[in-house]
Amino acid sequence: MGNKVTKAVFPVAGLGTRFLPATKSIPKEIMTLVDRPLIQYAIDEARAAGITEFIFVTSRGKSALENYFDNAPELESALRASGKTELLKLLESTNMESGAIAYVRQHLALGLGHAVWCARRLIGDEPFAVILPDDVISAETPCLKQMIDVYQDTGGCMVAAMEVPRPQTASYGVLDIAEEKANLVRVKGMVEKPDPAEAPSTLAVIGRYILTPSVLETLNRRKAGAGGEIQLTDAIAEEIVAGRVVNGLRFRGTRFDCGSKAGFLQATVAFALARSDLRDDLLRYLQDVVAYRSVAE
Ligand code: G1P
């Protein structure tokens with residue numbers, strides 16, 4: 001039912017002020033979880049879901065991000081010459097096919113909806129995915145793949161969904177639930193960052209979307225919503241008003257909010273503990289820290 005999704009938009013224009021002073025010179029998306037930049041996790045997830053065209057919505061000061069996706073021929077030949085084949089393989093696995101990545105600038109920080117709208121000409125008239133690289137999701141089947149698998153049957157728009165404590169609804173897009181079948185939620189409304197007392201549920205939107213091109217038509221109106229920004233949530237909510245299908249998928253996996261320092265640190269620890277070369281040392285260290293804390297208390 002759902003048409004094939006081959007394009008993904010990565011909104012990466014944010015200033016990353018929560019990570020200053022680091023983000024004075026490093027784009028937030030290049031900051032590393034263990035040894036991979038945040039953006040690499042997003043790209044890997046998109047590739048695993050069958051995405052072949054990657055559209056980055058950038059801003060000034062993001063050239064390090066563009067360079068990261070260039071090949072590194074000098075480095076590759078140095079590794080080849082010194083016989084470091086494992087590292088060479090690792091490096092080559094991050095190379096992108098020529099022409100697979102396109103960059104478009106968001107000249108003004110007018111919100112997530114506006115960022116996606118900036119990519120409209122590259123998206124054209126087909127369904128597309130949006131991945132917010134701040135939301136890192138560790139899952140056996142990558143989150144976007146889970147969504148695309150279900151979307152084949154449902155069509156329409158789909159967002160990744162996760163329960164959050166009610167006080168936190170003010171930080172998310174929140175779903176108004178019509179009905180639920182297993183982990184698929186039929187949505188009858190969406191609100192961006194509602195006051196917890198007024199949130200229609202505690203089911204929040206996490207940064208993975210499959211959208212139909214009609215969302216771009218709504219974004220054409222460039223109507224400001226919560227916080228004075230052009231909100232993607234509002235444009236998706238318009239789909240429901242127009243009688244089209246919007247679903248939420250309660251994905252299986254653990255989501256880390258790498259837009260916050262605490263979330264970033266938690267992701268670093270979780271990803272390091274999943275690595276056989278780091279696990280034992282790190283675990284020993286963490287056990288010492290916890291033991292020390294309980295003595296101090
Ligand atoms: C954005 C979206 C919001 C969504 C969130 C997920 O908000 O506007 O609807 O719930 O991402 O991380 P932001 O975190 O950019 O404020």
# chains A, B, ... in the order shown; residues from 1 in each chain; ligands from 1
>>> residues_near_ligand(ligand="ligand 1", cutoff="10 Å", atoms="only C-alpha atoms and all ligand atoms", output="PyMOL selection string")
chain A and resi 11+14+111-113+131-136+159-162+169-175+190-193+203-208+226-227+229-234+255-260
>>> residues_around(residues="Ala272 in chain A", least_positions_apart="2", cutoff="12 Å", atoms="only C-alpha atoms", output="VMD selection string")
chain A and resid 32 to 36 265 to 270 274 to 283 286
>>> residues_around(residues="Ala49 in chain A", least_positions_apart="4", cutoff="10 Å", atoms="only C-alpha atoms", output="list in words")
Val5, Thr6, Ile43, Asp44, Glu45, Ala129, Thr141, Pro142, Cys143, Leu144, Lys145, Gln146, Met147, Ile148 and Asp149 of chain A
>>> closest_residue(among="A:Pro194, A:Ala13, A:Lys62, A:Gly124", to="Leu108 in chain A", atoms="only C-alpha atoms")
A:Ala13
>>> select_by_dssp(residues="range 14-186 of chain A", states="strand (DSSP E)", output="PyMOL selection string")
chain A and resi 32-33+36-37+53-58+101-105+128-131+135-138+157-163+173-181+184-186
>>> closest_residue(among="A:Pro213, A:Gly16, A:Gly248, A:Gly253", to="Val116 in chain A", atoms="only C-alpha atoms")
A:Pro213
>>> decode(residues="range 72-141 of chain A", atoms="C-alpha atoms", output="PDB file, in the first residue's frame")
ATOM      1  CA  ALA A  72      39.504  10.194   2.827  1.00  0.00           C
ATOM      2  CA  PRO A  73      41.913   8.896   0.133  1.00  0.00           C
ATOM      3  CA  GLU A  74      45.152   9.850   1.967  1.00  0.00           C
ATOM      4  CA  LEU A  75      43.986   8.161   5.146  1.00  0.00           C
ATOM      5  CA  GLU A  76      42.839   5.097   3.203  1.00  0.00           C
ATOM      6  CA  SER A  77      46.177   4.685   1.414  1.00  0.00           C
ATOM      7  CA  ALA A  78      48.112   5.181   4.664  1.00  0.00           C
ATOM      8  CA  LEU A  79      46.027   2.441   6.316  1.00  0.00           C
ATOM      9  CA  ARG A  80      46.465   0.202   3.275  1.00  0.00           C
ATOM     10  CA  ALA A  81      50.238   0.759   3.261  1.00  0.00           C
ATOM     11  CA  SER A  82      50.529  -0.118   6.949  1.00  0.00           C
ATOM     12  CA  GLY A  83      48.309  -3.198   6.598  1.00  0.00           C
ATOM     13  CA  LYS A  84      45.597  -1.903   8.957  1.00  0.00           C
ATOM     14  CA  THR A  85      42.864  -3.696   7.072  1.00  0.00           C
ATOM     15  CA  GLU A  86      40.281  -3.659   9.883  1.00  0.00           C
ATOM     16  CA  LEU A  87      40.458   0.121  10.175  1.00  0.00           C
ATOM     17  CA  LEU A  88      40.407   0.438   6.410  1.00  0.00           C
ATOM     18  CA  LYS A  89      37.223  -1.623   6.255  1.00  0.00           C
ATOM     19  CA  LEU A  90      35.691   0.509   8.986  1.00  0.00           C
ATOM     20  CA  LEU A  91      36.531   3.689   7.109  1.00  0.00           C
ATOM     21  CA  GLU A  92      35.262   2.341   3.812  1.00  0.00           C
ATOM     22  CA  SER A  93      31.964   1.341   5.415  1.00  0.00           C
ATOM     23  CA  THR A  94      31.277   5.054   6.004  1.00  0.00           C
ATOM     24  CA  ASN A  95      31.905   6.040   2.365  1.00  0.00           C
ATOM     25  CA  MET A  96      28.823   7.203   0.543  1.00  0.00           C
ATOM     26  CA  GLU A  97      27.989   6.599  -3.093  1.00  0.00           C
ATOM     27  CA  SER A  98      28.776   9.643  -5.269  1.00  0.00           C
ATOM     28  CA  GLY A  99      25.694  11.790  -5.631  1.00  0.00           C
ATOM     29  CA  ALA A 100      23.808  10.035  -2.820  1.00  0.00           C
ATOM     30  CA  ILE A 101      24.016  13.042  -0.507  1.00  0.00           C
ATOM     31  CA  ALA A 102      22.530  16.452  -1.209  1.00  0.00           C
ATOM     32  CA  TYR A 103      22.810  19.520   0.985  1.00  0.00           C
ATOM     33  CA  VAL A 104      20.348  22.336   1.183  1.00  0.00           C
ATOM     34  CA  ARG A 105      20.645  25.374   3.439  1.00  0.00           C
ATOM     35  CA  GLN A 106      18.067  26.579   5.899  1.00  0.00           C
ATOM     36  CA  HIS A 107      18.860  30.281   5.909  1.00  0.00           C
ATOM     37  CA  LEU A 108      16.717  31.162   8.901  1.00  0.00           C
ATOM     38  CA  ALA A 109      16.033  29.104  12.045  1.00  0.00           C
ATOM     39  CA  LEU A 110      12.245  29.063  11.658  1.00  0.00           C
ATOM     40  CA  GLY A 111      11.559  25.586  13.072  1.00  0.00           C
ATOM     41  CA  LEU A 112      11.582  21.894  12.164  1.00  0.00           C
ATOM     42  CA  GLY A 113       8.677  22.223   9.725  1.00  0.00           C
ATOM     43  CA  HIS A 114      10.538  24.968   7.904  1.00  0.00           C
ATOM     44  CA  ALA A 115      13.728  22.880   7.803  1.00  0.00           C
ATOM     45  CA  VAL A 116      11.875  19.996   6.126  1.00  0.00           C
ATOM     46  CA  TRP A 117      10.143  22.441   3.753  1.00  0.00           C
ATOM     47  CA  CYS A 118      13.590  23.695   2.666  1.00  0.00           C
ATOM     48  CA  ALA A 119      14.171  20.216   1.153  1.00  0.00           C
ATOM     49  CA  ARG A 120      10.898  20.227  -0.854  1.00  0.00           C
ATOM     50  CA  ARG A 121      12.462  20.467  -4.326  1.00  0.00           C
ATOM     51  CA  LEU A 122      14.835  17.598  -3.605  1.00  0.00           C
ATOM     52  CA  ILE A 123      12.019  15.463  -2.199  1.00  0.00           C
ATOM     53  CA  GLY A 124       9.626  16.015  -5.093  1.00  0.00           C
ATOM     54  CA  ASP A 125       6.334  14.153  -5.240  1.00  0.00           C
ATOM     55  CA  GLU A 126       7.031  10.992  -3.272  1.00  0.00           C
ATOM     56  CA  PRO A 127       6.869   9.750   0.315  1.00  0.00           C
ATOM     57  CA  PHE A 128      10.002  10.437   2.330  1.00  0.00           C
ATOM     58  CA  ALA A 129      11.517   9.793   5.742  1.00  0.00           C
ATOM     59  CA  VAL A 130      12.756  12.343   8.274  1.00  0.00           C
ATOM     60  CA  ILE A 131      15.383  11.399  10.852  1.00  0.00           C
ATOM     61  CA  LEU A 132      16.329  13.692  13.719  1.00  0.00           C
ATOM     62  CA  PRO A 133      19.918  12.644  14.544  1.00  0.00           C
ATOM     63  CA  ASP A 134      19.574  13.846  18.171  1.00  0.00           C
ATOM     64  CA  ASP A 135      17.276  10.906  18.805  1.00  0.00           C
ATOM     65  CA  VAL A 136      19.563   7.893  18.813  1.00  0.00           C
ATOM     66  CA  ILE A 137      17.706   4.595  18.968  1.00  0.00           C
ATOM     67  CA  SER A 138      19.384   1.336  19.839  1.00  0.00           C
ATOM     68  CA  ALA A 139      17.276  -1.541  18.516  1.00  0.00           C
ATOM     69  CA  GLU A 140      17.630  -5.049  17.181  1.00  0.00           C
ATOM     70  CA  THR A 141      15.722  -4.021  14.045  1.00  0.00           C
TER      71      THR A 141
END
